[in-house]
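Trainee: Supplied in structure tokens, the structure appears directly below.
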Amino acid sequence: MNAPAPGFTLGPNSYGKSGIRLVHVDRATDRHAIRDLTVHTALAGDLDATHYSGDNTGVLPTDTQKNTAYAFARDGFDTVEAFAERLARHFVDTTPSITHARVRIEEHPWTRLGDHSFARGDGGEIRTAEAAYDGGAAAITAGVKDLLLLNTTDSEFGGFLADGYTTLPETDDRILATAVTATWDYATVPTGYDTAFDAARTALAEAFADTYSLSLQQTLYAVGERILKAVPEARDVRLSLPNRHHYLVDLAPFGLDNPGTVFQAGDLPYGLIEGTVRREAP
């Protein structure tokens, strides 16, 4: 193996297959079930040789990783978390050069129309799962991204710091809209991953709906706290909440008032609020 040039060395690295599109149809009964996934793999380990000299002896091709995902899906899976963990464990336990595997899955929802008919909505919401494995215990993370939520009232924003560049007016009534990305780490394995996910998503939506918001930061904390209460196995919740601005349209040039009914939905730029809510150590 070629040695690195003096003064240089290889840092953290990984490689894998991204964007593995996988659709599984369960035909066990006449009432079919469908699971639509995008799988991403990332492997790390004793890979110095391929970087320094192009020696690929320890490299499991990314195409093989793709094929493994398809083969493992053949007999179905109960939850995306369990499927991600099965893949991660396989790559580490069967490949001597690989010491760490991370498998991330996005599940795209379909709505049932009949025994074998489905519709795909355009809301954008995606369930996520990730398994990280290094030969010991697997670390499991679950979540949701691009969950669109909107409150037409019960949101204010005022009392903020103002300087010479501040033009934003205070408001005591505004539309609050966001596309939530939330992930939570499991400290212990829940009784059922699907049950835990449903509880977390319900808690998230309910916290957004019934929190009188004085800031999106306040809403973020309320959401994270509610998820942790609903899912006792979760250790922490990471949240990303872009502020989907809605601006009241000035109709005065047309001789009309606007009693809070007509808004322009903003695009760019947008405020981005991110944070983590954790359980306190016992």
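Please note that chains go A, B, ... in the order of the structure tokens, that every chain numbers its residues from 1, and that ligands are numbered from 1 in the order shown.
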Run DSSP on the backbone of this structure and report the residues of range 14-63 of chain A it assigns to alpha helix (DSSP H), as a ChimeraX atom specification.
Mentor: /A:48-52,62-63
Trainee: Neighbouring residues of Phe157 in chain A were defined as those with any atom within 7 Å, considering only C-alpha atoms; residues of the same chain fewer than 2 positions away were excluded. Please report them as a list in words.
Mentor: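 Using only C-alpha atoms, the neighbours found are Glu170, Thr171, Asp172, Leu214 and Ser215 of chain A.
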Trainee: Quote the spacing between CA of Tyr212 in chain A and CA of Ile273 in chain A in Å to one decimal place.
Mentor: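 Separating CA of Tyr212 in chain A from CA of Ile273 in chain A is a distance of 17.1 Å.
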Trainee: One decimal, in Å: what's the spacing between CA of Phe263 in chain A and CA of Thr219 in chain A?
Mentor: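 Between CA of Phe263 in chain A and CA of Thr219 in chain A the gap works out to 22.0 Å.
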Trainee: Could you name the residues that touch Asn243 in chain A at 12 Å or less, counting only C-alpha atoms, but leaving out those on the same chain fewer than 6 positions away, as a list of chain:residue names?
Mentor: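 Neighbouring residues, sequence-local ones excluded: A:Leu148, A:Leu149, A:Leu150, A:Asn151, A:Arg174, A:Ile175, A:Leu176, A:Ala177, A:Thr178, A:Ala179, A:Val180, A:Ser215, A:Leu216, A:Gln217, A:Thr219, A:Leu220, A:Ala265, A:Gly266, A:Asp267, A:Leu268, A:Pro269, A:Tyr270, A:Gly271, A:Leu272, A:Ile273, A:Glu274.
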Trainee: Selected residues, N, CA and C atoms, written as a tab-separated table (two decimals), in the first residue's frame, please.
Mentor:
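That gives us part_36.tsv:
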chain	number	residue	atom	x	y	z
A	148	LEU	N	-46.13	19.42	6.70
A	148	LEU	CA	-46.65	20.78	6.56
A	148	LEU	C	-47.73	21.03	7.60
A	149	LEU	N	-47.53	22.08	8.40
A	149	LEU	CA	-48.48	22.45	9.45
A	149	LEU	C	-48.75	23.95	9.37
A	150	LEU	N	-49.98	24.34	9.69
A	150	LEU	CA	-50.34	25.76	9.62
A	150	LEU	C	-51.43	26.07	10.63
A	151	ASN	N	-51.24	27.14	11.38
A	151	ASN	CA	-52.27	27.72	12.24
A	151	ASN	C	-52.67	29.07	11.66
A	174	ARG	N	-51.02	36.38	13.53
A	174	ARG	CA	-50.40	36.05	12.26
A	174	ARG	C	-50.65	34.59	11.92
A	175	ILE	N	-50.50	34.25	10.66
A	175	ILE	CA	-50.47	32.85	10.26
A	175	ILE	C	-49.11	32.27	10.62
A	176	LEU	N	-49.12	31.10	11.24
A	176	LEU	CA	-47.88	30.39	11.56
A	176	LEU	C	-47.86	29.10	10.75
A	177	ALA	N	-46.93	28.99	9.84
A	177	ALA	CA	-46.84	27.82	8.98
A	177	ALA	C	-45.41	27.34	8.92
A	178	THR	N	-45.23	26.02	8.80
A	178	THR	CA	-43.90	25.45	8.76
A	178	THR	C	-43.94	24.09	8.09
A	179	ALA	N	-42.78	23.58	7.74
A	179	ALA	CA	-42.61	22.22	7.23
A	179	ALA	C	-41.64	21.52	8.18
A	180	VAL	N	-42.18	20.77	9.11
A	180	VAL	CA	-41.40	20.24	10.22
A	180	VAL	C	-40.52	19.07	9.79
A	215	SER	N	-43.60	32.76	19.68
A	215	SER	CA	-42.44	32.67	18.80
A	215	SER	C	-42.40	31.25	18.27
A	216	LEU	N	-41.76	31.06	17.11
A	216	LEU	CA	-41.61	29.71	16.59
A	216	LEU	C	-40.67	28.89	17.47
A	217	GLN	N	-39.77	29.57	18.17
A	217	GLN	CA	-38.90	28.87	19.11
A	217	GLN	C	-39.73	28.24	20.23
A	219	THR	N	-42.82	27.31	20.04
A	219	THR	CA	-43.54	26.18	19.45
A	219	THR	C	-42.61	24.98	19.30
A	220	LEU	N	-41.36	25.21	18.86
A	220	LEU	CA	-40.39	24.13	18.73
A	220	LEU	C	-40.22	23.40	20.06
A	265	ALA	N	-48.26	33.97	0.10
A	265	ALA	CA	-47.37	32.95	0.67
A	265	ALA	C	-45.95	33.24	0.22
A	266	GLY	N	-45.04	33.45	1.18
A	266	GLY	CA	-43.66	33.78	0.86
A	266	GLY	C	-42.86	32.55	0.49
A	267	ASP	N	-41.75	32.76	-0.18
A	267	ASP	CA	-40.87	31.67	-0.59
A	267	ASP	C	-39.48	31.89	0.01
A	268	LEU	N	-38.68	32.71	-0.62
A	268	LEU	CA	-37.33	33.01	-0.16
A	268	LEU	C	-37.18	34.50	0.08
A	269	PRO	N	-36.40	34.88	1.10
A	269	PRO	CA	-35.79	34.04	2.12
A	269	PRO	C	-36.82	33.64	3.19
A	270	TYR	N	-36.41	32.77	4.11
A	270	TYR	CA	-37.31	32.37	5.18
A	270	TYR	C	-36.51	32.22	6.47
A	271	GLY	N	-37.18	32.40	7.59
A	271	GLY	CA	-36.55	32.15	8.87
A	271	GLY	C	-36.45	30.66	9.11
A	272	LEU	N	-35.37	30.23	9.75
A	272	LEU	CA	-35.17	28.81	10.04
A	272	LEU	C	-34.84	28.65	11.52
A	273	ILE	N	-35.72	27.96	12.22
A	273	ILE	CA	-35.57	27.76	13.66
A	273	ILE	C	-35.23	26.29	13.90
A	274	GLU	N	-34.11	26.03	14.58
A	274	GLU	CA	-33.68	24.66	14.84
A	274	GLU	C	-33.28	24.51	16.29
Trainee: DSSP on the backbone, then: every residue of range 163-245 of chain A marked strand (DSSP E or B), written as a VMD selection string.
Mentor: chain A and resid 171 176 to 186 213 234 to 243
Trainee: Those same residues, written as a PDB file, in the first residue's frame with N, CA, C and O atoms?
Mentor:
ATOM      1  N   THR A 171     -46.559  41.962  15.545  1.00  0.00           N
ATOM      2  CA  THR A 171     -47.917  41.534  15.213  1.00  0.00           C
ATOM      3  C   THR A 171     -48.495  40.732  16.362  1.00  0.00           C
ATOM      4  O   THR A 171     -47.782  39.964  17.022  1.00  0.00           O
ATOM      5  N   LEU A 176     -49.123  31.098  11.242  1.00  0.00           N
ATOM      6  CA  LEU A 176     -47.885  30.393  11.564  1.00  0.00           C
ATOM      7  C   LEU A 176     -47.864  29.101  10.751  1.00  0.00           C
ATOM      8  O   LEU A 176     -48.719  28.228  10.943  1.00  0.00           O
ATOM      9  N   ALA A 177     -46.929  28.994   9.845  1.00  0.00           N
ATOM     10  CA  ALA A 177     -46.842  27.817   8.977  1.00  0.00           C
ATOM     11  C   ALA A 177     -45.407  27.338   8.917  1.00  0.00           C
ATOM     12  O   ALA A 177     -44.462  28.134   8.958  1.00  0.00           O
ATOM     13  N   THR A 178     -45.233  26.018   8.804  1.00  0.00           N
ATOM     14  CA  THR A 178     -43.897  25.452   8.761  1.00  0.00           C
ATOM     15  C   THR A 178     -43.937  24.093   8.092  1.00  0.00           C
ATOM     16  O   THR A 178     -45.004  23.511   7.871  1.00  0.00           O
ATOM     17  N   ALA A 179     -42.780  23.576   7.744  1.00  0.00           N
ATOM     18  CA  ALA A 179     -42.614  22.217   7.233  1.00  0.00           C
ATOM     19  C   ALA A 179     -41.645  21.519   8.182  1.00  0.00           C
ATOM     20  O   ALA A 179     -40.425  21.686   8.073  1.00  0.00           O
ATOM     21  N   VAL A 180     -42.180  20.768   9.112  1.00  0.00           N
ATOM     22  CA  VAL A 180     -41.401  20.239  10.224  1.00  0.00           C
ATOM     23  C   VAL A 180     -40.521  19.068   9.788  1.00  0.00           C
ATOM     24  O   VAL A 180     -40.971  18.153   9.096  1.00  0.00           O
ATOM     25  N   THR A 181     -39.254  19.130  10.209  1.00  0.00           N
ATOM     26  CA  THR A 181     -38.395  17.961  10.180  1.00  0.00           C
ATOM     27  C   THR A 181     -38.034  17.646  11.625  1.00  0.00           C
ATOM     28  O   THR A 181     -37.510  18.514  12.336  1.00  0.00           O
ATOM     29  N   ALA A 182     -38.356  16.440  12.073  1.00  0.00           N
ATOM     30  CA  ALA A 182     -38.098  16.036  13.453  1.00  0.00           C
ATOM     31  C   ALA A 182     -37.468  14.655  13.462  1.00  0.00           C
ATOM     32  O   ALA A 182     -37.877  13.769  12.695  1.00  0.00           O
ATOM     33  N   THR A 183     -36.463  14.466  14.298  1.00  0.00           N
ATOM     34  CA  THR A 183     -35.871  13.149  14.502  1.00  0.00           C
ATOM     35  C   THR A 183     -35.690  12.925  15.987  1.00  0.00           C
ATOM     36  O   THR A 183     -35.382  13.856  16.735  1.00  0.00           O
ATOM     37  N   TRP A 184     -35.897  11.682  16.404  1.00  0.00           N
ATOM     38  CA  TRP A 184     -35.713  11.354  17.820  1.00  0.00           C
ATOM     39  C   TRP A 184     -34.912  10.064  17.928  1.00  0.00           C
ATOM     40  O   TRP A 184     -35.090   9.123  17.164  1.00  0.00           O
ATOM     41  N   ASP A 185     -33.987  10.059  18.899  1.00  0.00           N
ATOM     42  CA  ASP A 185     -33.135   8.899  19.155  1.00  0.00           C
ATOM     43  C   ASP A 185     -33.782   8.036  20.228  1.00  0.00           C
ATOM     44  O   ASP A 185     -34.271   8.549  21.244  1.00  0.00           O
ATOM     45  N   TYR A 186     -33.759   6.728  20.020  1.00  0.00           N
ATOM     46  CA  TYR A 186     -34.295   5.806  21.015  1.00  0.00           C
ATOM     47  C   TYR A 186     -33.194   5.399  21.985  1.00  0.00           C
ATOM     48  O   TYR A 186     -32.146   4.879  21.576  1.00  0.00           O
ATOM     49  N   SER A 213     -48.744  30.494  20.292  1.00  0.00           N
ATOM     50  CA  SER A 213     -47.329  30.732  20.002  1.00  0.00           C
ATOM     51  C   SER A 213     -46.969  32.207  20.061  1.00  0.00           C
ATOM     52  O   SER A 213     -47.550  33.036  19.357  1.00  0.00           O
ATOM     53  N   ALA A 234     -37.801   7.513  23.851  1.00  0.00           N
ATOM     54  CA  ALA A 234     -36.990   8.500  23.129  1.00  0.00           C
ATOM     55  C   ALA A 234     -36.127   9.293  24.100  1.00  0.00           C
ATOM     56  O   ALA A 234     -36.580   9.694  25.179  1.00  0.00           O
ATOM     57  N   ARG A 235     -34.874   9.539  23.704  1.00  0.00           N
ATOM     58  CA  ARG A 235     -33.927  10.253  24.558  1.00  0.00           C
ATOM     59  C   ARG A 235     -33.924  11.752  24.287  1.00  0.00           C
ATOM     60  O   ARG A 235     -33.847  12.567  25.194  1.00  0.00           O
ATOM     61  N   ASP A 236     -33.992  12.135  23.008  1.00  0.00           N
ATOM     62  CA  ASP A 236     -33.975  13.545  22.643  1.00  0.00           C
ATOM     63  C   ASP A 236     -34.672  13.710  21.304  1.00  0.00           C
ATOM     64  O   ASP A 236     -34.869  12.754  20.560  1.00  0.00           O
ATOM     65  N   VAL A 237     -35.039  14.944  21.009  1.00  0.00           N
ATOM     66  CA  VAL A 237     -35.737  15.263  19.763  1.00  0.00           C
ATOM     67  C   VAL A 237     -35.032  16.452  19.119  1.00  0.00           C
ATOM     68  O   VAL A 237     -34.838  17.487  19.762  1.00  0.00           O
ATOM     69  N   ARG A 238     -34.641  16.284  17.855  1.00  0.00           N
ATOM     70  CA  ARG A 238     -34.051  17.380  17.089  1.00  0.00           C
ATOM     71  C   ARG A 238     -35.092  17.891  16.100  1.00  0.00           C
ATOM     72  O   ARG A 238     -35.733  17.093  15.395  1.00  0.00           O
ATOM     73  N   LEU A 239     -35.244  19.214  16.054  1.00  0.00           N
ATOM     74  CA  LEU A 239     -36.299  19.819  15.246  1.00  0.00           C
ATOM     75  C   LEU A 239     -35.752  20.914  14.348  1.00  0.00           C
ATOM     76  O   LEU A 239     -34.895  21.696  14.763  1.00  0.00           O
ATOM     77  N   SER A 240     -36.266  20.953  13.134  1.00  0.00           N
ATOM     78  CA  SER A 240     -35.955  22.018  12.187  1.00  0.00           C
ATOM     79  C   SER A 240     -37.270  22.556  11.658  1.00  0.00           C
ATOM     80  O   SER A 240     -38.054  21.809  11.058  1.00  0.00           O
ATOM     81  N   LEU A 241     -37.533  23.858  11.913  1.00  0.00           N
ATOM     82  CA  LEU A 241     -38.807  24.466  11.557  1.00  0.00           C
ATOM     83  C   LEU A 241     -38.561  25.708  10.701  1.00  0.00           C
ATOM     84  O   LEU A 241     -38.274  26.787  11.228  1.00  0.00           O
ATOM     85  N   PRO A 242     -38.653  25.593   9.391  1.00  0.00           N
ATOM     86  CA  PRO A 242     -38.606  26.787   8.556  1.00  0.00           C
ATOM     87  C   PRO A 242     -39.902  27.566   8.704  1.00  0.00           C
ATOM     88  O   PRO A 242     -40.999  26.989   8.784  1.00  0.00           O
ATOM     89  N   ASN A 243     -39.792  28.873   8.762  1.00  0.00           N
ATOM     90  CA  ASN A 243     -40.976  29.723   8.897  1.00  0.00           C
ATOM     91  C   ASN A 243     -41.533  30.009   7.503  1.00  0.00           C
ATOM     92  O   ASN A 243     -40.942  30.748   6.723  1.00  0.00           O
TER      93      ASN A 243
END
Trainee: Do you have, as JSON lines, the list of residues of range 11-90 of chain A lying at most 9 Å from range 194-205 of chain A, each with its nearest atom pair and that distance in Å to one decimal, counting only C-alpha atoms and ordered by chain then number?
Mentor:
{"residue": "A:Asp78", "atom": "CA", "partner": "A:Asp194", "partner_atom": "CA", "distance": 8.7}
{"residue": "A:Thr79", "atom": "CA", "partner": "A:Asp194", "partner_atom": "CA", "distance": 6.6}
{"residue": "A:Val80", "atom": "CA", "partner": "A:Asp194", "partner_atom": "CA", "distance": 8.8}
{"residue": "A:Glu81", "atom": "CA", "partner": "A:Asp194", "partner_atom": "CA", "distance": 8.9}
Trainee: Considering only C-alpha atoms, tabulate each residue of range 85-163 of chain A that lies at most 12 Å from range 18-21 of chain A along with its nearest interatomic pair and the corresponding distance in Å to one decimal; arrange the rows by chain and ascending residue number and present them as JSON lines.
Mentor:
{"residue": "A:Arg102", "atom": "CA", "partner": "A:Ser18", "partner_atom": "CA", "distance": 11.5}
{"residue": "A:Val103", "atom": "CA", "partner": "A:Ser18", "partner_atom": "CA", "distance": 9.8}
{"residue": "A:Arg104", "atom": "CA", "partner": "A:Ser18", "partner_atom": "CA", "distance": 9.2}
{"residue": "A:Ile105", "atom": "CA", "partner": "A:Ile20", "partner_atom": "CA", "distance": 9.3}
{"residue": "A:Glu106", "atom": "CA", "partner": "A:Gly19", "partner_atom": "CA", "distance": 9.5}
{"residue": "A:Glu107", "atom": "CA", "partner": "A:Arg21", "partner_atom": "CA", "distance": 10.1}
{"residue": "A:His108", "atom": "CA", "partner": "A:Arg21", "partner_atom": "CA", "distance": 10.5}
Trainee: Using only C-alpha atoms, which of A:Thr211, A:Thr152, A:Thr261, A:Thr167 sits nearest His245 in chain A?
Mentor: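 Among A:Thr211, A:Thr152, A:Thr261, A:Thr167, it is A:Thr152 that comes nearest to His245 in chain A.
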Trainee: Fewer than 6 positions away in the same chain doesn't count, so skip those; otherwise give me all residues within 9 Å of range 42-52 of chain A, counting only C-alpha atoms, as a VMD selection string.
Mentor: chain A and resid 1 to 4 10 12 to 18 58 to 60 88 91 to 92 96 to 104
Trainee: Grab the residues selected above and save them as a PDB file, in the first residue's frame with C-alpha atoms.
Mentor:
ATOM      1  CA  MET A   1       0.000   0.000   0.000  1.00  0.00           C
ATOM      2  CA  ASN A   2       1.313   3.415  -0.890  1.00  0.00           C
ATOM      3  CA  ALA A   3       1.948   5.619   2.121  1.00  0.00           C
ATOM      4  CA  PRO A   4       0.499   9.130   2.299  1.00  0.00           C
ATOM      5  CA  LEU A  10      -6.717  10.417   5.708  1.00  0.00           C
ATOM      6  CA  PRO A  12     -12.969  10.329   8.625  1.00  0.00           C
ATOM      7  CA  ASN A  13     -14.522   8.810   5.534  1.00  0.00           C
ATOM      8  CA  SER A  14     -17.369   6.620   4.356  1.00  0.00           C
ATOM      9  CA  TYR A  15     -18.912   5.422   1.137  1.00  0.00           C
ATOM     10  CA  GLY A  16     -22.239   3.899   0.162  1.00  0.00           C
ATOM     11  CA  LYS A  17     -25.205   3.891  -2.164  1.00  0.00           C
ATOM     12  CA  SER A  18     -27.659   6.779  -2.050  1.00  0.00           C
ATOM     13  CA  GLY A  58     -11.667  -4.291   1.280  1.00  0.00           C
ATOM     14  CA  VAL A  59     -14.262  -2.368  -0.736  1.00  0.00           C
ATOM     15  CA  LEU A  60     -17.763  -3.832  -0.904  1.00  0.00           C
ATOM     16  CA  ALA A  88     -26.558  -2.227   8.919  1.00  0.00           C
ATOM     17  CA  PHE A  91     -22.732  -5.068   6.275  1.00  0.00           C
ATOM     18  CA  VAL A  92     -20.624  -4.978   9.446  1.00  0.00           C
ATOM     19  CA  PRO A  96     -14.237  -7.866   7.576  1.00  0.00           C
ATOM     20  CA  SER A  97     -13.052  -4.444   6.421  1.00  0.00           C
ATOM     21  CA  ILE A  98     -16.253  -2.664   7.495  1.00  0.00           C
ATOM     22  CA  THR A  99     -16.545  -1.663  11.136  1.00  0.00           C
ATOM     23  CA  HIS A 100     -19.380   0.836  10.976  1.00  0.00           C
ATOM     24  CA  ALA A 101     -22.549   1.003   8.893  1.00  0.00           C
ATOM     25  CA  ARG A 102     -25.256   3.616   8.771  1.00  0.00           C
ATOM     26  CA  VAL A 103     -28.491   2.945   6.880  1.00  0.00           C
ATOM     27  CA  ARG A 104     -31.007   5.738   6.426  1.00  0.00           C
TER      28      ARG A 104
END
